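Structure file input23.cif (mmCIF, C-alpha atoms and all ligand atoms) follows.
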```cif
data_input
#
loop_
_atom_site.label_atom_id
_atom_site.label_comp_id
_atom_site.auth_asym_id
_atom_site.auth_seq_id
_atom_site.Cartn_x
_atom_site.Cartn_y
_atom_site.Cartn_z
CA MET A 67 -2.39 14.38 27.44
CA ASN A 68 -5.96 15.03 26.36
CA HIS A 69 -5.38 18.78 26.12
CA LEU A 70 -3.05 18.14 23.19
CA SER A 71 -4.69 18.75 19.88
CA LEU A 72 -3.67 17.86 16.37
CA ASN A 73 -3.16 20.95 14.24
CA SER A 74 -0.92 19.89 11.40
CA PRO A 75 -0.45 16.93 9.09
CA LEU A 76 1.75 14.19 10.54
CA ARG A 77 4.77 12.73 8.80
CA PHE A 78 6.40 9.51 9.94
CA HIS A 79 9.84 7.96 9.69
CA PRO A 80 9.71 5.29 6.97
CA HIS A 81 10.50 1.74 8.11
CA LEU A 82 12.70 0.18 5.42
CA LYS A 83 12.88 -3.57 4.94
CA ALA A 84 15.77 -5.34 3.25
CA LEU A 85 14.22 -8.20 1.25
CA VAL A 86 15.60 -10.71 -1.25
CA TRP A 87 13.24 -9.57 -4.02
CA GLY A 88 13.93 -5.86 -3.48
CA GLY A 89 16.26 -3.41 -5.21
CA ARG A 90 17.47 0.18 -4.85
CA GLY A 91 14.42 1.89 -6.34
CA LEU A 92 13.01 3.12 -3.03
CA GLY A 93 16.12 5.29 -2.72
CA GLU A 94 16.59 6.21 -6.38
CA SER A 95 12.98 7.06 -7.24
CA LEU A 96 11.28 7.83 -3.90
CA ASN A 97 14.02 9.62 -1.97
CA LYS A 98 14.18 7.06 0.85
CA LEU A 99 17.41 6.97 2.77
CA LEU A 100 18.48 3.32 2.42
CA PRO A 101 20.47 2.50 5.56
CA THR A 102 22.81 -0.08 4.00
CA GLU A 103 23.99 -1.27 0.57
CA ALA A 104 21.45 -4.13 0.67
CA ASP A 105 18.40 -4.50 -1.58
CA TYR A 106 15.24 -3.04 -0.08
CA GLY A 107 11.74 -4.29 -0.90
CA GLU A 108 9.40 -2.29 1.32
CA SER A 109 9.12 1.10 2.94
CA TRP A 110 6.40 0.99 5.60
CA GLU A 111 5.15 4.57 5.49
CA ILE A 112 2.33 4.36 7.99
CA SER A 113 1.81 1.33 10.20
CA ASP A 114 0.00 0.42 13.39
CA HIS A 115 0.79 -3.27 12.92
CA ASP A 116 2.11 -5.15 15.97
CA SER A 117 5.42 -5.77 14.20
CA HIS A 118 6.07 -2.04 13.67
CA SER A 119 4.40 1.15 14.86
CA SER A 120 5.36 4.21 12.81
CA VAL A 121 7.16 7.02 14.65
CA VAL A 122 6.18 10.66 14.05
CA ALA A 123 8.99 12.65 12.39
CA HIS A 124 7.14 15.98 11.89
CA GLY A 125 3.90 17.26 13.41
CA HIS A 126 4.15 19.51 16.43
CA PRO A 127 4.08 18.50 19.32
CA PHE A 128 4.02 14.79 18.54
CA ALA A 129 7.49 14.15 17.12
CA GLY A 130 8.79 10.89 18.61
CA TRP A 131 5.33 9.50 19.37
CA THR A 132 4.33 6.24 17.74
CA LEU A 133 1.10 5.80 15.85
CA ARG A 134 0.11 3.39 18.65
CA ASP A 135 0.60 6.22 21.19
CA LEU A 136 -1.68 8.47 19.12
CA MET A 137 -4.26 5.68 18.79
CA GLN A 138 -4.29 5.15 22.55
CA ARG A 139 -4.23 8.78 23.71
CA ILE A 140 -6.08 10.83 21.10
CA PRO A 141 -8.02 8.35 18.95
CA ASP A 142 -10.98 10.66 18.28
CA ALA A 143 -8.80 13.54 17.08
CA LEU A 144 -6.84 11.17 14.87
CA LEU A 145 -9.61 9.04 13.40
CA GLY A 146 -12.83 11.00 13.83
CA ALA A 147 -14.50 7.92 15.33
CA PRO A 148 -13.13 5.29 17.70
CA ARG A 149 -11.55 2.17 16.19
CA GLU A 150 -9.49 -0.59 17.71
CA ARG A 151 -6.93 -0.57 14.93
CA PHE A 152 -5.60 2.11 12.66
CA PRO A 153 -7.42 1.23 9.43
CA TRP A 154 -4.51 0.96 7.00
CA LEU A 155 -0.97 -0.15 6.45
CA VAL A 156 0.60 2.07 3.76
CA LYS A 157 3.79 1.04 1.94
CA PHE A 158 5.98 1.66 -1.06
CA LEU A 159 7.32 -1.52 -2.70
CA ASP A 160 10.20 -2.18 -5.06
CA ALA A 161 9.43 -5.56 -6.67
CA HIS A 162 12.77 -5.70 -8.44
CA ASP A 163 12.68 -9.51 -8.52
CA TRP A 164 9.61 -11.76 -8.20
CA LEU A 165 7.42 -12.01 -5.13
CA SER A 166 5.81 -15.39 -4.50
CA VAL A 167 2.30 -16.17 -5.74
CA GLN A 168 0.22 -15.49 -2.67
CA VAL A 169 -3.20 -14.90 -1.21
CA HIS A 170 -4.51 -13.14 1.90
CA PRO A 171 -7.45 -14.16 4.12
CA ASP A 172 -10.53 -12.01 4.59
CA ASP A 173 -11.78 -10.82 7.99
CA ARG A 174 -13.65 -14.08 8.55
CA ALA A 175 -11.13 -16.64 7.26
CA VAL A 176 -8.30 -15.02 9.24
CA THR A 177 -9.95 -15.82 12.58
CA GLN A 178 -9.51 -19.53 11.78
CA LEU A 179 -6.27 -19.46 9.82
CA TRP A 180 -4.23 -16.83 11.68
CA PRO A 181 -5.89 -15.82 14.96
CA GLY A 182 -4.85 -12.34 16.11
CA GLU A 183 -4.15 -11.03 12.60
CA GLY A 184 -6.54 -9.01 10.45
CA GLY A 185 -8.01 -9.68 7.02
CA LYS A 186 -6.04 -8.16 4.15
CA THR A 187 -7.71 -6.45 1.27
CA GLU A 188 -5.17 -4.36 -0.63
CA ALA A 189 -4.71 -2.01 -3.56
CA TRP A 190 -1.62 -1.27 -5.65
CA PHE A 191 -0.75 1.87 -7.54
CA ILE A 192 2.00 1.30 -10.12
CA LEU A 193 4.61 4.09 -10.16
CA ASP A 194 7.06 2.54 -12.57
CA ALA A 195 7.19 -0.73 -14.51
CA ARG A 196 10.16 -2.01 -16.48
CA PRO A 197 9.47 -3.64 -19.85
CA GLY A 198 8.86 -7.34 -19.22
CA SER A 199 7.55 -6.81 -15.70
CA ARG A 200 4.23 -8.45 -14.92
CA VAL A 201 1.28 -8.42 -12.58
CA TYR A 202 -0.67 -11.62 -11.85
CA ALA A 203 -4.10 -10.88 -10.44
CA GLY A 204 -6.98 -13.29 -10.07
CA LEU A 205 -7.75 -16.75 -11.44
CA MET A 206 -8.45 -17.38 -15.12
CA PRO A 207 -12.13 -18.17 -15.74
CA GLY A 208 -12.98 -21.78 -14.94
CA VAL A 209 -10.02 -22.45 -12.63
CA ASP A 210 -11.23 -24.42 -9.61
CA GLU A 211 -9.44 -26.09 -6.72
CA ARG A 212 -8.79 -29.28 -8.69
CA THR A 213 -7.20 -27.38 -11.61
CA LEU A 214 -5.05 -25.31 -9.30
CA ARG A 215 -3.86 -28.32 -7.26
CA ALA A 216 -2.88 -30.07 -10.51
CA ALA A 217 -0.97 -26.96 -11.62
CA LEU A 218 0.81 -26.83 -8.25
CA ALA A 219 1.89 -30.44 -8.67
CA THR A 220 3.48 -29.70 -12.06
CA GLY A 221 4.86 -26.23 -11.19
CA ARG A 222 2.66 -24.47 -13.77
CA VAL A 223 0.60 -22.20 -11.53
CA ALA A 224 1.14 -19.13 -13.75
CA ASP A 225 -1.06 -20.78 -16.42
CA CYS A 226 -4.00 -20.54 -14.02
CA LEU A 227 -3.61 -16.81 -13.36
CA HIS A 228 -4.78 -13.75 -15.21
CA SER A 229 -1.78 -11.54 -15.99
CA PHE A 230 -0.80 -8.38 -17.84
CA GLU A 231 2.13 -6.02 -18.31
CA PRO A 232 1.39 -3.03 -16.07
CA LYS A 233 1.97 0.65 -16.83
CA ALA A 234 2.71 3.54 -14.51
CA GLY A 235 -0.66 4.95 -13.44
CA ASP A 236 -2.40 1.56 -13.16
CA CYS A 237 -4.30 0.87 -9.95
CA LEU A 238 -5.24 -2.67 -8.96
CA PHE A 239 -7.82 -3.55 -6.35
CA LEU A 240 -7.14 -6.94 -4.77
CA PRO A 241 -9.87 -8.01 -2.36
CA ALA A 242 -8.82 -10.62 0.22
CA GLY A 243 -9.01 -14.04 -1.42
CA THR A 244 -7.55 -12.90 -4.77
CA VAL A 245 -4.44 -14.85 -5.85
CA HIS A 246 -1.71 -12.43 -6.93
CA ALA A 247 1.97 -11.91 -7.69
CA VAL A 248 4.13 -9.14 -9.01
CA GLY A 249 7.70 -8.70 -10.15
CA GLY A 250 10.30 -8.01 -12.78
CA GLY A 251 10.95 -4.37 -11.88
CA ILE A 252 7.81 -2.73 -10.52
CA LEU A 253 7.76 0.21 -8.14
CA MET A 254 4.43 0.79 -6.45
CA ALA A 255 2.46 2.24 -3.58
CA GLU A 256 0.24 -0.09 -1.57
CA VAL A 257 -2.69 0.65 0.72
CA GLN A 258 -4.04 -2.30 2.65
CA GLN A 259 -5.86 -3.28 5.80
CA THR A 260 -3.58 -3.40 8.86
CA SER A 261 -2.44 -7.01 8.51
CA ASP A 262 0.58 -9.10 7.59
CA ALA A 263 -1.36 -12.33 6.96
CA THR A 264 0.07 -13.82 3.77
CA PHE A 265 -0.10 -17.40 2.57
CA ARG A 266 2.45 -18.43 -0.07
CA LEU A 267 0.96 -20.66 -2.74
CA PHE A 268 3.86 -20.99 -5.19
CA ASP A 269 7.42 -19.64 -5.37
CA TRP A 270 8.23 -20.03 -9.09
CA ASN A 271 10.12 -23.34 -8.46
CA ARG A 272 12.93 -21.22 -6.95
CA VAL A 273 15.65 -22.55 -4.65
CA ASP A 274 18.29 -20.65 -2.75
CA ALA A 275 22.08 -21.10 -2.96
CA ASN A 276 21.76 -24.20 -0.74
CA GLY A 277 19.10 -25.78 -2.97
CA LYS A 278 16.34 -25.01 -0.47
CA SER A 279 12.97 -23.63 -1.43
CA ARG A 280 10.95 -21.21 0.73
CA GLU A 281 8.11 -22.57 2.83
CA LEU A 282 4.71 -22.72 1.17
CA HIS A 283 1.31 -22.69 2.91
CA ILE A 284 -0.74 -24.45 0.27
CA ASP A 285 -3.70 -25.69 2.32
CA LYS A 286 -4.19 -22.38 4.09
CA ALA A 287 -3.79 -20.49 0.81
CA LEU A 288 -6.39 -22.68 -0.89
CA ALA A 289 -8.73 -22.16 2.07
CA CYS A 290 -8.61 -18.34 1.55
CA ILE A 291 -9.15 -18.22 -2.20
CA ASP A 292 -12.33 -16.65 -3.49
CA TRP A 293 -12.99 -19.11 -6.33
CA ASP A 294 -15.66 -16.90 -7.90
CA ALA A 295 -13.58 -13.71 -8.10
CA GLY A 296 -11.95 -14.16 -11.53
CA PRO A 297 -9.49 -11.88 -13.38
CA VAL A 298 -8.66 -8.43 -11.98
CA SER A 299 -8.02 -5.58 -14.41
CA PRO A 300 -6.51 -2.20 -13.54
CA VAL A 301 -8.11 1.22 -13.40
CA ARG A 302 -5.85 3.69 -15.20
CA VAL A 303 -5.13 7.33 -14.38
CA PRO A 304 -5.33 9.06 -17.78
CA GLY A 305 -2.02 10.65 -18.77
CA TYR A 306 -0.27 9.68 -15.51
CA PRO A 307 1.80 11.24 -14.07
CA ALA A 308 1.45 14.67 -15.68
CA GLY A 309 -1.93 14.47 -17.52
CA GLU A 310 -4.92 16.74 -17.16
CA VAL A 311 -5.70 18.54 -13.94
CA GLY A 312 -8.37 16.72 -11.97
CA SER A 313 -9.15 13.70 -9.83
CA THR A 314 -9.60 10.04 -10.74
CA ALA A 315 -11.58 7.68 -8.50
CA LEU A 316 -9.57 4.44 -8.26
CA VAL A 317 -11.09 2.25 -5.55
CA ARG A 318 -14.29 2.33 -3.53
CA CYS A 319 -14.56 -0.43 -0.94
CA ARG A 320 -15.60 -0.82 2.68
CA TYR A 321 -12.01 -0.32 3.91
CA PHE A 322 -10.78 2.68 1.89
CA ASP A 323 -11.49 5.09 -0.93
CA LEU A 324 -8.49 5.68 -3.19
CA ASP A 325 -8.18 8.63 -5.57
CA TYR A 326 -5.46 10.23 -7.66
CA HIS A 327 -5.36 14.04 -7.80
CA HIS A 328 -3.30 16.10 -10.21
CA PHE A 329 -3.31 19.85 -9.68
CA ARG A 330 -1.40 23.00 -10.63
CA GLU A 331 -2.93 25.39 -8.12
CA SER A 332 -3.30 25.32 -4.35
CA HIS A 333 -5.62 22.43 -3.52
CA THR A 334 -7.21 21.22 -0.28
CA LEU A 335 -7.61 17.44 -0.02
CA ASN A 336 -8.71 17.03 3.59
CA THR A 337 -12.24 18.34 3.46
CA GLY A 338 -14.64 17.08 6.14
CA SER A 339 -13.79 15.62 9.53
CA VAL A 340 -12.32 12.39 8.25
CA LEU A 341 -8.94 10.75 8.25
CA TRP A 342 -6.90 11.21 5.07
CA ILE A 343 -3.55 9.96 3.88
CA ALA A 344 -1.73 11.51 0.93
CA LEU A 345 1.27 10.09 -0.94
CA VAL A 346 3.15 12.51 -3.18
CA LEU A 347 3.84 10.66 -6.45
CA HIS A 348 4.64 13.44 -8.91
CA GLY A 349 6.09 16.96 -8.80
CA ARG A 350 6.91 19.10 -5.81
CA GLY A 351 5.31 21.74 -3.61
CA HIS A 352 4.72 22.73 0.00
CA TYR A 353 2.17 23.34 2.75
CA ASP A 354 2.17 25.69 5.74
CA ALA A 355 1.53 24.43 9.27
CA ASP A 356 2.56 25.73 12.70
CA ILE A 357 3.83 28.90 10.97
CA VAL A 358 6.42 26.80 9.14
CA ARG A 359 6.68 26.02 5.46
CA HIS A 360 7.05 22.27 4.81
CA ASP A 361 8.39 21.12 1.45
CA LEU A 362 6.80 18.24 -0.44
CA ALA A 363 8.66 15.88 -2.77
CA VAL A 364 8.00 12.55 -4.45
CA GLY A 365 7.87 9.74 -1.88
CA ASP A 366 6.50 11.90 0.95
CA THR A 367 3.53 10.53 2.89
CA LEU A 368 1.25 12.74 4.98
CA LEU A 369 -1.44 11.81 7.47
CA PHE A 370 -4.21 14.38 7.92
CA PRO A 371 -5.89 13.71 11.28
CA ALA A 372 -9.68 13.96 11.23
CA SER A 373 -9.65 16.87 13.67
CA ILE A 374 -7.48 19.34 11.74
CA GLY A 375 -8.83 22.09 9.52
CA PRO A 376 -8.21 22.27 5.78
CA VAL A 377 -4.50 22.31 4.86
CA PRO A 378 -3.97 23.42 1.25
CA LEU A 379 -1.14 21.77 -0.69
CA VAL A 380 0.61 24.26 -2.95
CA PRO A 381 2.29 22.89 -6.11
CA ASP A 382 5.57 24.21 -7.39
CA GLY A 383 4.47 23.64 -10.99
CA ALA A 384 2.30 20.55 -10.52
CA LEU A 385 1.60 17.93 -7.86
CA GLY A 386 0.28 14.40 -8.28
CA VAL A 387 -1.04 12.84 -5.08
CA LEU A 388 -2.59 9.47 -4.24
CA THR A 389 -5.07 9.68 -1.37
CA ALA A 390 -6.71 7.16 0.91
CA SER A 391 -9.71 8.17 2.97
CA LEU A 392 -12.34 6.39 5.03
CA PRO A 393 -15.53 5.65 3.11
CA GLN A 394 -18.38 8.02 4.05
ZN ZN B 1 -0.49 -9.09 -1.30
#
```

Translate the structure described by the file into structure tokens.
Amino acid sequence: MNHLSLNSPLRFHPHLKALVWGGRGLGESLNKLLPTEADYGESWEISDHDSHSSVVAHGHPFAGWTLRDLMQRIPDALLGAPRERFPWLVKFLDAHDWLSVQVHPDDRAVTQLWPGEGGKTEAWFILDARPGSRVYAGLMPGVDERTLRAALATGRVADCLHSFEPKAGDCLFLPAGTVHAVGGGILMAEVQQTSDATFRLFDWNRVDANGKSRELHIDKALACIDWDAGPVSPVRVPGYPAGEVGSTALVRCRYFDLDYHHFRESHTLNTGSVLWIALVLHGRGHYDADIVRHDLAVGDTLLFPASIGPVPLVPDGALGVLTASLPQ
């Protein structure tokens, strides 16, 4: 198989998850084909997690391969440098209802708290936010373990958290150890380390139809919290989604660089021999690969393997694209 080379961007079948807090927004706003009438919370766009390996939909001659297959057979062409794990899990989320207040472990804490999983630093890019929706991100200044435990006992955890009403075009960087929650009608893209390690701290005093509440993991959650981190504020893309032509740097961290690009003329994102991922968030356009024209629409996710040459994206009017790349 080593004679196979990667010549075009790869596109994967989305993996859609029906979840109690989800809605229909992934279909209505992001063109995902929702398989049933249920509410859907997540579309896993690119995943090498043990629970789901993405399957290539387009990208000659790899259609039908999983990302795990590519990682095992052509890791250098894919990544540019060997790695045990694909670096990111990329999703769209429809937080129609409220997600629990939660926290994720970092690379070190996870080895104790959830052996076999990875640390989980993540970033959110808000695509749409209904009035009254809210993001909770980080502890209010001065909140320590004693304050938070007292708030847990009285069901008033929200008082301990920094919060704001998000706007489309906000990007939030949530390092592992940051307490967070989101809900009330928020559609977003998420780029995170390949991990599903989540500890639920508080579930808004909710019970299901049978009067049962969901399981919490309070001690493990408290063990992950970075008590010094404090409130998290968003970085905003000016004029999102249609604003000025140009690029906005959103996140720089050891796991990923995130940028938003808005352009009206043919534009090449994948410069240099590094892995790139692009999520189309605004407008439409196309690219040419393998002598075929491929259309681009909102909700499309592309993976540019490190080994391929520049592939210009051509807007039909304008294109707005969120990119993740490996830090240089
Ligand atoms: Zn999270």

Return as AutoDock Vina command-line options the centre and edge lengths, in Å with one decimal, of the box along x, y and z that encloses every atom of stretch 345-362 of chain A in the file, padded by 3 Å per side.
```
--center_x 4.8 --center_y 19.5 --center_z 1.9 --size_x 13.1 --size_y 24.8 --size_z 27.6
```

Kindly indicate which residue among A:Asp172, A:Asp262, A:Asp225, A:Glu188 lies nearest to A:Gly243, using all atoms listed in the file for the distances.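 Answer, going by the shortest atom-to-atom distance: A:Asp172.
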
Distance query 10 Å from (-2.0, 16.3, -4.5) using all atoms listed in the file, result as a PyMOL selection string: chain A and resi 312-313+325-335+344-351+362+378-381+384-389

Please produce a file of the residues just selected, as a PDB file, keeping the file's coordinate frame, where the atoms kept are C-alpha atoms.
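Below is the file that was written, out.pdb:
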```
ATOM      1  CA  GLY A 312      -8.370  16.720 -11.970  1.00  0.00           C
ATOM      2  CA  SER A 313      -9.150  13.700  -9.830  1.00  0.00           C
ATOM      3  CA  ASP A 325      -8.180   8.630  -5.570  1.00  0.00           C
ATOM      4  CA  TYR A 326      -5.460  10.230  -7.660  1.00  0.00           C
ATOM      5  CA  HIS A 327      -5.360  14.040  -7.800  1.00  0.00           C
ATOM      6  CA  HIS A 328      -3.300  16.100 -10.210  1.00  0.00           C
ATOM      7  CA  PHE A 329      -3.310  19.850  -9.680  1.00  0.00           C
ATOM      8  CA  ARG A 330      -1.400  23.000 -10.630  1.00  0.00           C
ATOM      9  CA  GLU A 331      -2.930  25.390  -8.120  1.00  0.00           C
ATOM     10  CA  SER A 332      -3.300  25.320  -4.350  1.00  0.00           C
ATOM     11  CA  HIS A 333      -5.620  22.430  -3.520  1.00  0.00           C
ATOM     12  CA  THR A 334      -7.210  21.220  -0.280  1.00  0.00           C
ATOM     13  CA  LEU A 335      -7.610  17.440  -0.020  1.00  0.00           C
ATOM     14  CA  ALA A 344      -1.730  11.510   0.930  1.00  0.00           C
ATOM     15  CA  LEU A 345       1.270  10.090  -0.940  1.00  0.00           C
ATOM     16  CA  VAL A 346       3.150  12.510  -3.180  1.00  0.00           C
ATOM     17  CA  LEU A 347       3.840  10.660  -6.450  1.00  0.00           C
ATOM     18  CA  HIS A 348       4.640  13.440  -8.910  1.00  0.00           C
ATOM     19  CA  GLY A 349       6.090  16.960  -8.800  1.00  0.00           C
ATOM     20  CA  ARG A 350       6.910  19.100  -5.810  1.00  0.00           C
ATOM     21  CA  GLY A 351       5.310  21.740  -3.610  1.00  0.00           C
ATOM     22  CA  LEU A 362       6.800  18.240  -0.440  1.00  0.00           C
ATOM     23  CA  PRO A 378      -3.970  23.420   1.250  1.00  0.00           C
ATOM     24  CA  LEU A 379      -1.140  21.770  -0.690  1.00  0.00           C
ATOM     25  CA  VAL A 380       0.610  24.260  -2.950  1.00  0.00           C
ATOM     26  CA  PRO A 381       2.290  22.890  -6.110  1.00  0.00           C
ATOM     27  CA  ALA A 384       2.300  20.550 -10.520  1.00  0.00           C
ATOM     28  CA  LEU A 385       1.600  17.930  -7.860  1.00  0.00           C
ATOM     29  CA  GLY A 386       0.280  14.400  -8.280  1.00  0.00           C
ATOM     30  CA  VAL A 387      -1.040  12.840  -5.080  1.00  0.00           C
ATOM     31  CA  LEU A 388      -2.590   9.470  -4.240  1.00  0.00           C
ATOM     32  CA  THR A 389      -5.070   9.680  -1.370  1.00  0.00           C
TER      33      THR A 389
END
```

Once you count all atoms listed in the file, which residues end up no further than 12 Å from (1.3, 18.5, 11.1) in the file's frame, shown as a PyMOL selection string? chain A and resi 71-78+122-129+144+353-360+367-377

Hey, can you spit out that residue selection with C-alpha atoms as an mmCIF file, keeping the file's coordinate frame?
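Now in result_6.cif:
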```cif
data_model
loop_
_atom_site.group_PDB
_atom_site.id
_atom_site.type_symbol
_atom_site.label_atom_id
_atom_site.label_comp_id
_atom_site.auth_asym_id
_atom_site.auth_seq_id
_atom_site.Cartn_x
_atom_site.Cartn_y
_atom_site.Cartn_z
ATOM 1 C CA SER A 71 -4.690 18.750 19.880
ATOM 2 C CA LEU A 72 -3.670 17.860 16.370
ATOM 3 C CA ASN A 73 -3.160 20.950 14.240
ATOM 4 C CA SER A 74 -0.920 19.890 11.400
ATOM 5 C CA PRO A 75 -0.450 16.930 9.090
ATOM 6 C CA LEU A 76 1.750 14.190 10.540
ATOM 7 C CA ARG A 77 4.770 12.730 8.800
ATOM 8 C CA PHE A 78 6.400 9.510 9.940
ATOM 9 C CA VAL A 122 6.180 10.660 14.050
ATOM 10 C CA ALA A 123 8.990 12.650 12.390
ATOM 11 C CA HIS A 124 7.140 15.980 11.890
ATOM 12 C CA GLY A 125 3.900 17.260 13.410
ATOM 13 C CA HIS A 126 4.150 19.510 16.430
ATOM 14 C CA PRO A 127 4.080 18.500 19.320
ATOM 15 C CA PHE A 128 4.020 14.790 18.540
ATOM 16 C CA ALA A 129 7.490 14.150 17.120
ATOM 17 C CA LEU A 144 -6.840 11.170 14.870
ATOM 18 C CA TYR A 353 2.170 23.340 2.750
ATOM 19 C CA ASP A 354 2.170 25.690 5.740
ATOM 20 C CA ALA A 355 1.530 24.430 9.270
ATOM 21 C CA ASP A 356 2.560 25.730 12.700
ATOM 22 C CA ILE A 357 3.830 28.900 10.970
ATOM 23 C CA VAL A 358 6.420 26.800 9.140
ATOM 24 C CA ARG A 359 6.680 26.020 5.460
ATOM 25 C CA HIS A 360 7.050 22.270 4.810
ATOM 26 C CA THR A 367 3.530 10.530 2.890
ATOM 27 C CA LEU A 368 1.250 12.740 4.980
ATOM 28 C CA LEU A 369 -1.440 11.810 7.470
ATOM 29 C CA PHE A 370 -4.210 14.380 7.920
ATOM 30 C CA PRO A 371 -5.890 13.710 11.280
ATOM 31 C CA ALA A 372 -9.680 13.960 11.230
ATOM 32 C CA SER A 373 -9.650 16.870 13.670
ATOM 33 C CA ILE A 374 -7.480 19.340 11.740
ATOM 34 C CA GLY A 375 -8.830 22.090 9.520
ATOM 35 C CA PRO A 376 -8.210 22.270 5.780
ATOM 36 C CA VAL A 377 -4.500 22.310 4.860
#
```

Within 7 Å of ligand ZN 1 (chain B), counting all atoms listed in the file, which protein or nucleic acid residues do you find, written as number ranges by chain? A: 168-170, 188, 246, 264

Residue neighbourhood A:Ala217, 12 Å, only C-alpha atoms, exclusion window fewer than 4 positions, as a VMD selection string: chain A and resid 209 to 213 221 to 227 267 to 268 270
